[in-house]
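J.: Structure: entry.txt, compact mmCIF, C-alpha atoms.
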# COMPACT_ATOMS: atom_id res chain seq x y z
CA MET A 67 168.96 242.43 25.24
CA LYS A 68 169.11 246.04 26.35
CA ILE A 69 168.44 248.52 23.55
CA VAL A 70 170.14 251.87 23.94
CA SER A 71 167.86 254.86 23.57
CA ASN A 72 169.10 257.91 21.67
CA LYS A 73 167.86 260.96 19.81
CA SER A 74 168.12 259.24 16.43
CA ASN A 75 165.67 256.54 17.57
CA LEU A 76 168.18 253.86 16.61
CA GLN A 77 167.97 250.42 18.18
CA ILE A 78 171.63 249.85 19.06
CA LEU A 79 172.41 246.23 19.88
CA HIS A 80 176.18 246.61 20.36
CA GLU A 81 178.69 249.43 20.18
CA ASP A 82 182.41 249.69 20.87
CA ASN A 83 185.33 251.69 19.45
CA HIS A 84 185.38 249.74 16.19
CA ILE A 85 181.87 248.54 15.38
CA ILE A 86 178.24 249.46 15.87
CA VAL A 87 175.36 247.01 15.38
CA ILE A 88 171.83 248.25 14.66
CA ASN A 89 168.45 246.51 14.69
CA LYS A 90 167.09 247.76 11.35
CA ARG A 91 163.42 248.66 11.07
CA VAL A 92 161.06 248.08 8.14
CA GLY A 93 161.61 250.69 5.46
CA ASP A 94 165.15 251.69 6.46
CA ILE A 95 167.65 251.56 3.62
CA VAL A 96 171.16 250.65 4.71
CA GLN A 97 172.98 252.70 2.08
CA GLY A 98 171.85 255.56 -0.16
CA ASP A 99 170.07 254.61 -3.39
CA LYS A 100 168.18 256.22 -6.26
CA THR A 101 165.16 256.97 -4.02
CA GLY A 102 167.15 259.72 -2.34
CA ASP A 103 165.75 258.65 1.05
CA LYS A 104 168.03 259.16 4.02
CA PRO A 105 169.94 255.90 4.60
CA LEU A 106 170.63 254.21 7.91
CA SER A 107 174.35 254.82 7.39
CA GLU A 108 173.78 258.60 7.53
CA ILE A 109 171.55 258.34 10.61
CA VAL A 110 174.25 256.31 12.40
CA LYS A 111 176.90 258.86 11.40
CA GLU A 112 174.79 261.65 12.89
CA TYR A 113 174.32 259.64 16.08
CA ILE A 114 178.11 259.11 16.42
CA LYS A 115 178.87 262.77 15.67
CA ASP A 116 176.32 263.91 18.26
CA LYS A 117 177.25 261.39 20.97
CA TYR A 118 181.00 261.94 20.81
CA ASN A 119 181.01 265.61 19.68
CA LYS A 120 183.13 264.67 16.69
CA PRO A 121 184.30 267.53 14.47
CA GLY A 122 184.29 267.09 10.70
CA GLU A 123 183.24 264.00 8.76
CA VAL A 124 182.51 260.80 10.71
CA PHE A 125 183.96 257.56 9.32
CA LEU A 126 181.43 254.75 8.94
CA GLY A 127 181.89 251.71 6.75
CA VAL A 128 178.97 249.72 5.33
CA VAL A 129 179.85 246.03 5.69
CA HIS A 130 176.66 244.37 4.37
CA ARG A 131 173.05 245.21 3.56
CA LEU A 132 169.52 244.06 4.29
CA ASP A 133 166.62 244.50 1.88
CA ARG A 134 164.45 247.52 2.63
CA PRO A 135 161.35 245.52 3.76
CA THR A 136 163.50 243.24 5.97
CA THR A 137 164.33 243.86 9.63
CA GLY A 138 167.18 242.87 11.92
CA ILE A 139 170.92 243.00 12.40
CA VAL A 140 173.11 245.38 10.41
CA ILE A 141 176.75 245.90 11.38
CA PHE A 142 178.76 249.02 10.53
CA ALA A 143 182.50 249.63 10.97
CA LYS A 144 183.60 252.73 12.89
CA THR A 145 187.26 252.40 11.86
CA SER A 146 189.01 251.55 8.59
CA LYS A 147 190.83 248.67 10.29
CA ALA A 148 187.53 247.11 11.34
CA LEU A 149 186.00 247.69 7.90
CA GLU A 150 188.82 245.94 6.06
CA ARG A 151 188.72 242.93 8.37
CA LEU A 152 184.91 242.67 8.43
CA ASN A 153 184.75 242.88 4.63
CA LYS A 154 187.18 239.96 4.44
CA MET A 155 185.19 237.95 7.01
CA PHE A 156 181.90 238.48 5.20
CA SER A 157 183.34 237.72 1.75
CA GLU A 158 184.99 234.54 3.04
CA ARG A 159 181.80 233.46 4.91
CA GLU A 160 183.47 233.55 8.34
CA THR A 161 180.30 234.84 9.99
CA ASN A 162 177.22 232.84 11.00
CA LYS A 163 173.95 234.51 10.02
CA THR A 164 170.58 233.25 11.23
CA TYR A 165 167.26 234.58 9.95
CA TRP A 166 163.65 234.06 10.96
CA ALA A 167 160.91 234.01 8.35
CA VAL A 168 157.14 233.55 8.52
CA VAL A 169 155.44 231.72 5.64
CA LYS A 170 151.82 230.70 5.02
CA ASN A 171 152.41 227.32 3.37
CA LYS A 172 154.08 224.45 5.19
CA PRO A 173 157.44 223.58 3.59
CA PRO A 174 157.75 220.13 1.99
CA LYS A 175 160.00 218.98 4.87
CA ASN A 176 160.31 220.09 8.49
CA GLU A 177 163.95 220.87 7.82
CA ASP A 178 166.08 220.76 4.68
CA ASN A 179 169.06 222.11 2.80
CA LEU A 180 168.02 224.08 -0.27
CA ILE A 181 170.37 224.48 -3.23
CA HIS A 182 169.36 226.60 -6.21
CA PHE A 183 170.99 228.67 -8.89
CA LEU A 184 169.86 232.28 -8.69
CA LYS A 185 169.69 234.51 -11.72
CA ARG A 186 169.28 238.21 -11.06
CA ASN A 187 166.99 240.43 -13.11
CA GLU A 188 168.40 243.94 -12.79
CA LYS A 189 165.43 245.53 -14.53
CA ASN A 190 162.83 244.56 -11.93
CA ASN A 191 165.28 243.95 -9.06
CA THR A 192 164.41 240.30 -8.47
CA SER A 193 166.21 236.97 -8.49
CA LYS A 194 164.76 233.72 -9.83
CA ALA A 195 165.73 230.37 -8.32
CA HIS A 196 166.50 227.53 -10.75
CA LEU A 197 167.12 223.90 -9.83
CA LYS A 198 169.87 223.61 -12.42
CA GLU A 199 172.59 226.03 -13.42
CA VAL A 200 171.56 228.53 -16.09
CA PRO A 201 173.69 231.21 -17.80
CA GLU A 202 174.73 234.02 -15.43
CA SER A 203 173.32 232.22 -12.38
CA LYS A 204 175.04 231.85 -9.02
CA LYS A 205 174.79 228.88 -6.65
CA ALA A 206 172.76 229.59 -3.50
CA SER A 207 172.56 227.37 -0.43
CA LEU A 208 170.70 227.60 2.87
CA ASP A 209 169.34 225.37 5.62
CA TYR A 210 165.89 225.88 7.09
CA LYS A 211 163.86 224.28 9.85
CA ILE A 212 160.34 224.88 11.13
CA ILE A 213 160.63 226.34 14.64
CA LYS A 214 156.94 226.93 15.34
CA GLU A 215 153.51 226.29 13.84
CA LEU A 216 151.36 229.39 14.25
CA ASN A 217 147.71 230.04 13.44
CA ASN A 218 147.73 229.96 9.61
CA TYR A 219 151.52 230.38 9.40
CA PHE A 220 154.83 228.61 9.94
CA ALA A 221 157.93 230.21 11.49
CA LEU A 222 161.22 229.11 9.98
CA GLU A 223 164.80 229.49 11.14
CA ILE A 224 167.26 229.86 8.27
CA ASN A 225 171.04 229.61 8.15
CA LEU A 226 172.67 231.05 5.07
CA HIS A 227 175.69 229.44 3.41
CA THR A 228 175.89 231.97 0.58
CA GLY A 229 174.91 235.62 0.34
CA ARG A 230 173.04 236.08 -2.92
CA HIS A 231 170.66 238.86 -3.96
CA HIS A 232 167.21 238.24 -2.37
CA GLN A 233 168.37 234.69 -1.68
CA ILE A 234 166.00 233.67 1.12
CA ARG A 235 163.02 235.31 -0.57
CA ALA A 236 163.68 233.61 -3.92
CA GLN A 237 164.53 230.18 -2.51
CA LEU A 238 161.46 230.06 -0.27
CA GLN A 239 159.27 231.09 -3.18
CA ALA A 240 160.80 228.26 -5.20
CA ILE A 241 159.55 225.64 -2.70
CA GLY A 242 156.07 227.21 -2.59
CA CYS A 243 156.59 229.14 0.64
CA PRO A 244 156.70 232.88 -0.09
CA ILE A 245 157.34 235.07 2.96
CA LYS A 246 154.37 236.83 4.53
CA GLY A 247 153.89 240.25 2.92
CA ASP A 248 156.37 239.63 0.10
CA LEU A 249 154.34 240.53 -3.01
CA LYS A 250 157.50 240.57 -5.13
CA TYR A 251 158.03 236.87 -4.43
CA GLY A 252 154.53 235.48 -4.61
CA PHE A 253 152.70 236.31 -1.38
CA ASP A 254 149.11 237.33 -2.07
CA ARG A 255 148.90 240.54 -0.02
CA SER A 256 151.20 243.11 1.50
CA ASN A 257 151.76 243.83 5.18
CA PRO A 258 150.25 247.09 6.48
CA ASP A 259 153.71 248.60 7.09
CA GLY A 260 155.04 247.59 3.66
CA GLY A 261 157.52 245.19 5.24
CA ILE A 262 157.90 241.44 5.01
CA HIS A 263 158.19 238.86 7.78
CA LEU A 264 161.91 238.24 7.30
CA HIS A 265 164.19 239.16 10.19
CA ALA A 266 167.99 238.94 10.53
CA ARG A 267 167.81 237.37 13.98
CA LYS A 268 171.36 236.40 14.97
CA LEU A 269 174.93 237.16 13.92
CA ALA A 270 177.98 235.40 15.34
CA PHE A 271 181.49 236.48 14.42
CA ILE A 272 185.00 237.11 15.73
CA HIS A 273 185.48 240.78 16.63
CA PRO A 274 187.71 242.28 13.91
CA VAL A 275 190.07 243.93 16.42
CA SER A 276 189.70 242.40 19.90
CA LYS A 277 189.28 238.87 18.43
CA GLU A 278 186.53 238.11 20.97
CA GLN A 279 183.65 235.88 19.95
CA ILE A 280 180.59 238.11 19.50
CA GLU A 281 177.00 236.89 19.26
CA ILE A 282 174.24 239.43 18.62
CA ILE A 283 170.51 238.65 18.82
CA ALA A 284 168.00 241.18 17.47
CA PRO A 285 164.51 241.38 19.00
CA THR A 286 161.78 240.94 16.38
CA PRO A 287 159.43 243.80 15.52
CA SER A 288 156.40 243.96 17.77
CA ASP A 289 153.36 242.53 16.02
CA ALA A 290 150.94 239.70 16.76
CA ILE A 291 152.75 237.16 14.61
CA TRP A 292 156.33 237.89 15.68
CA ASN A 293 155.22 238.13 19.31
CA SER A 294 153.79 234.60 19.15
CA ILE A 295 157.09 232.96 18.19
Please, can you express the file's structure as structure tokens?
T.:
Amino acid sequence: MKIVSNKSNLQILHEDNHIIVINKRVGDIVQGDKTGDKPLSEIVKEYIKDKYNKPGEVFLGVVHRLDRPTTGIVIFAKTSKALERLNKMFSERETNKTYWAVVKNKPPKNEDNLIHFLKRNEKNNTSKAHLKEVPESKKASLDYKIIKELNNYFALEINLHTGRHHQIRAQLQAIGCPIKGDLKYGFDRSNPDGGIHLHARKLAFIHPVSKEQIEIIAPTPSDAIWNSI
């Protein structure tokens, strides 16, 4: 896939009048938070303003988020019409999201459907996966399969059925397979760049305005492990 080069150093995977899709890097935050770091949403706004010489405030709607240490596809709405329709599609699970993850331990099965009940801990910003429902928990479901055995690691492809807080990270930890670099969820050491080996690889959806079928694939970051998949 051709990546558009621009002054903002954004990896743009798709852009039209209504949406823009970015390949998020490790460390980018999608929307502003208490750190005060400049979010991806502001960088994309600046890119749009610069590219199209737009006067005044640029409209950009945040449709969904990725965790800061995670990489891959993030979609933004450039119009209010697109934002409203994308929000509805995401909330009603009308999009297909595929992730890649690298884990050290081999999962119990080569492929499986995982169902847990996730309870969020706001204080330390984590979620814990339980096999049975507990108070204030939410049902989480995903499918995974091993796509490649690497030296010392296993690459998994994951399809999400729900969109819970830290869902993939918590559910993989629960089966003894924390993601490479994910100290928060049980991996034994961090990655040099502070990221984790979890990548939003593919997103398929109906365009909110044109109604075309769109499928976006995000190249993985360039490192020895990702490059071997």
J.: Just give me the gap between CA of Gly242 (chain A) and CA of Ile213 (chain A) in Å, one decimal is fine.
T.: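 Between these atoms lies a distance of 17.8 Å.
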J.: Residues within 10 Å of (169.4, 235.6, 13.3), file coordinates, counting all atoms listed in the file: what are they? Give the list as number ranges by chain.
T.: A: 138-139, 162-167, 223-226, 264-270, 281-286
J.: Go ahead and compute the interatomic distance for CA of Ile280 (chain A) and CA of Val140 (chain A), in Å to one decimal.
T.: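 One can read the CA of Ile280 (chain A) to CA of Val140 (chain A) distance as 13.8 Å.
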J.: Excluding region 209-212 of chain A and residues on its chain fewer than 4 positions from it, collect all residues at most 9 Å away from it, counting only C-alpha atoms, and give them as a VMD selection string.
T.: chain A and resid 172 to 173 175 to 181 220 to 227
J.: Using only C-alpha atoms, find the one residue out of A:His196, A:His80, A:Arg255, A:Lys111 that sits nearest to Lys170 (chain A).
T.: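 Counting only C-alpha atoms, the residue closest to Lys170 (chain A) is A:Arg255.
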J.: Give me, please, the distance in Å between CA of Asp248 (chain A) and CA of Thr137 (chain A), quoted to one decimal.
T.: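 Interatomic distance, CA of Asp248 (chain A) to CA of Thr137 (chain A): 13.1 Å.
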J.: Please provide the set of residues having any atom within 10 Å of Lys198 (chain A), restricted to only C-alpha atoms, with same-chain residues fewer than 6 positions apart removed, written as a short mmCIF file (atom, residue, chain, number, x, y, z; two decimals) with C-alpha atoms, in the coordinates of the input.
T.:
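Here's the written file selection-v4.cif:
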data_model
loop_
_atom_site.label_atom_id
_atom_site.label_comp_id
_atom_site.auth_asym_id
_atom_site.auth_seq_id
_atom_site.Cartn_x
_atom_site.Cartn_y
_atom_site.Cartn_z
CA ILE A 181 170.37 224.48 -3.23
CA HIS A 182 169.36 226.60 -6.21
CA PHE A 183 170.99 228.67 -8.89
CA LEU A 184 169.86 232.28 -8.69
CA LYS A 205 174.79 228.88 -6.65
#
J.: Considering all atoms listed in the file, state which residue in the set A:Val129, A:Ile114, A:Leu106, A:Ile234 is at the smallest distance from Glu81 (chain A).
T.: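 Comparing A:Val129, A:Ile114, A:Leu106, A:Ile234 against Glu81 (chain A), the winner is A:Ile114.
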J.: Restricting the calculation to all atoms listed in the file, which member of A:Arg134, A:Gln77, A:Ile85, A:Asn191 is positioned closest to Asp103 (chain A)?
T.: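 Checking each candidate against Asp103 (chain A), we get A:Arg134 as the closest.
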J.: Let me make sure I understand: among A:Arg186, A:Asn83, A:Leu238, A:Val92, which one has the smallest atom-to-atom distance to Phe253 (chain A) if we use only C-alpha atoms?
T.: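 Residue with the minimum atom-to-atom distance to Phe253 (chain A): A:Leu238.
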J.: So that I can see what lies close to Gly252 (chain A), please list as a count of residues only the residues with an atom at most 12 Å from it, counting only C-alpha atoms and leaving out residues fewer than 4 positions away in the same chain.
T.: 21
J.: For Val275 (chain A), which residue out of A:Ser288, A:Thr228, A:Ser157, A:Ser146 is the nearest one, using all atoms listed in the file?
T.: A:Ser146
J.: Counting all atoms listed in the file, figure out which residue out of A:His84, A:Ile109, A:Lys90, A:Gly98 gets nearest to Pro287 (chain A).
T.: A:Lys90
J.: Pick out the residues sitting within 9 Å of Pro274 (chain A), and hand them over as a PyMOL selection string; count all atoms listed in the file, and ignore anything fewer than 2 positions along from it in its own chain.
T.: chain A and resi 84-85+147-152+155+271-272+276-278
J.: If we count only C-alpha atoms and set the cut-off at 10 Å, which residues sit around Ser294 (chain A), ignoring sequence neighbours fewer than 2 positions away in its own chain? Please answer as a ChimeraX atom specification.
T.: /A:214-217,221,288-292
J.: Atoms are missing here; could region 237-269 of chain A be completed with N, CA and C atoms and written as an mmCIF file, in the frame of the given file?
T.:
data_model
loop_
_atom_site.group_PDB
_atom_site.id
_atom_site.type_symbol
_atom_site.label_atom_id
_atom_site.label_comp_id
_atom_site.auth_asym_id
_atom_site.auth_seq_id
_atom_site.Cartn_x
_atom_site.Cartn_y
_atom_site.Cartn_z
ATOM 1 N N GLN A 237 164.486 231.634 -2.761
ATOM 2 C CA GLN A 237 164.530 230.180 -2.510
ATOM 3 C C GLN A 237 163.258 229.682 -1.821
ATOM 4 N N LEU A 238 162.715 230.480 -0.905
ATOM 5 C CA LEU A 238 161.460 230.060 -0.270
ATOM 6 C C LEU A 238 160.293 230.095 -1.256
ATOM 7 N N GLN A 239 160.296 231.079 -2.138
ATOM 8 C CA GLN A 239 159.270 231.090 -3.180
ATOM 9 C C GLN A 239 159.363 229.832 -4.035
ATOM 10 N N ALA A 240 160.588 229.413 -4.319
ATOM 11 C CA ALA A 240 160.800 228.260 -5.200
ATOM 12 C C ALA A 240 160.252 226.953 -4.627
ATOM 13 N N ILE A 241 160.128 226.864 -3.294
ATOM 14 C CA ILE A 241 159.550 225.640 -2.700
ATOM 15 C C ILE A 241 158.094 225.875 -2.302
ATOM 16 N N GLY A 242 157.498 226.951 -2.827
ATOM 17 C CA GLY A 242 156.070 227.210 -2.590
ATOM 18 C C GLY A 242 155.760 227.861 -1.263
ATOM 19 N N CYS A 243 156.760 228.529 -0.685
ATOM 20 C CA CYS A 243 156.590 229.140 0.640
ATOM 21 C C CYS A 243 157.006 230.609 0.657
ATOM 22 N N PRO A 244 156.314 231.464 -0.121
ATOM 23 C CA PRO A 244 156.700 232.880 -0.090
ATOM 24 C C PRO A 244 156.521 233.464 1.313
ATOM 25 N N ILE A 245 157.357 234.448 1.629
ATOM 26 C CA ILE A 245 157.340 235.070 2.960
ATOM 27 C C ILE A 245 156.142 235.991 3.093
ATOM 28 N N LYS A 246 155.540 235.998 4.288
ATOM 29 C CA LYS A 246 154.370 236.830 4.530
ATOM 30 C C LYS A 246 154.657 238.297 4.170
ATOM 31 N N GLY A 247 153.772 238.860 3.336
ATOM 32 C CA GLY A 247 153.890 240.250 2.920
ATOM 33 C C GLY A 247 154.746 240.490 1.690
ATOM 34 N N ASP A 248 155.410 239.440 1.189
ATOM 35 C CA ASP A 248 156.370 239.630 0.100
ATOM 36 C C ASP A 248 155.695 239.475 -1.273
ATOM 37 N N LEU A 249 155.042 240.535 -1.707
ATOM 38 C CA LEU A 249 154.340 240.530 -3.010
ATOM 39 C C LEU A 249 155.289 240.219 -4.157
ATOM 40 N N LYS A 250 156.517 240.730 -4.053
ATOM 41 C CA LYS A 250 157.500 240.570 -5.130
ATOM 42 C C LYS A 250 157.831 239.095 -5.370
ATOM 43 N N TYR A 251 157.689 238.291 -4.323
ATOM 44 C CA TYR A 251 158.030 236.870 -4.430
ATOM 45 C C TYR A 251 156.847 235.954 -4.137
ATOM 46 N N GLY A 252 155.649 236.405 -4.543
ATOM 47 C CA GLY A 252 154.530 235.480 -4.610
ATOM 48 C C GLY A 252 153.544 235.460 -3.470
ATOM 49 N N PHE A 253 153.732 236.292 -2.426
ATOM 50 C CA PHE A 253 152.700 236.310 -1.380
ATOM 51 C C PHE A 253 151.513 237.110 -1.902
ATOM 52 N N ASP A 254 150.311 236.764 -1.416
ATOM 53 C CA ASP A 254 149.110 237.330 -2.070
ATOM 54 C C ASP A 254 148.707 238.711 -1.578
ATOM 55 N N ARG A 255 149.248 239.180 -0.451
ATOM 56 C CA ARG A 255 148.900 240.540 -0.020
ATOM 57 C C ARG A 255 150.059 241.131 0.783
ATOM 58 N N SER A 256 150.100 242.439 0.808
ATOM 59 C CA SER A 256 151.200 243.110 1.500
ATOM 60 C C SER A 256 150.908 243.245 2.990
ATOM 61 N N ASN A 257 151.930 243.489 3.767
ATOM 62 C CA ASN A 257 151.760 243.830 5.180
ATOM 63 C C ASN A 257 151.403 245.304 5.303
ATOM 64 N N PRO A 258 150.662 245.689 6.336
ATOM 65 C CA PRO A 258 150.250 247.090 6.480
ATOM 66 C C PRO A 258 151.412 248.089 6.472
ATOM 67 N N ASP A 259 152.567 247.669 7.020
ATOM 68 C CA ASP A 259 153.710 248.600 7.090
ATOM 69 C C ASP A 259 154.609 248.528 5.857
ATOM 70 N N GLY A 260 154.227 247.715 4.870
ATOM 71 C CA GLY A 260 155.040 247.590 3.660
ATOM 72 C C GLY A 260 156.240 246.670 3.821
ATOM 73 N N GLY A 261 156.399 246.095 5.006
ATOM 74 C CA GLY A 261 157.520 245.190 5.240
ATOM 75 C C GLY A 261 157.176 243.753 4.916
ATOM 76 N N ILE A 262 158.132 242.872 5.148
ATOM 77 C CA ILE A 262 157.900 241.440 5.010
ATOM 78 C C ILE A 262 158.351 240.763 6.299
ATOM 79 N N HIS A 263 157.838 239.561 6.547
ATOM 80 C CA HIS A 263 158.190 238.860 7.780
ATOM 81 C C HIS A 263 159.484 238.060 7.589
ATOM 82 N N LEU A 264 160.559 238.810 7.379
ATOM 83 C CA LEU A 264 161.910 238.240 7.300
ATOM 84 C C LEU A 264 162.791 239.092 8.198
ATOM 85 N N HIS A 265 163.464 238.444 9.148
ATOM 86 C CA HIS A 265 164.190 239.160 10.190
ATOM 87 C C HIS A 265 165.582 238.551 10.371
ATOM 88 N N ALA A 266 166.617 239.387 10.268
ATOM 89 C CA ALA A 266 167.990 238.940 10.530
ATOM 90 C C ALA A 266 168.143 238.809 12.045
ATOM 91 N N ARG A 267 167.984 237.623 12.551
ATOM 92 C CA ARG A 267 167.810 237.370 13.980
ATOM 93 C C ARG A 267 169.133 237.325 14.762
ATOM 94 N N LYS A 268 170.133 236.619 14.197
ATOM 95 C CA LYS A 268 171.360 236.400 14.970
ATOM 96 C C LYS A 268 172.581 236.512 14.075
ATOM 97 N N LEU A 269 173.654 237.077 14.636
ATOM 98 C CA LEU A 269 174.930 237.160 13.920
ATOM 99 C C LEU A 269 176.033 236.800 14.888
#
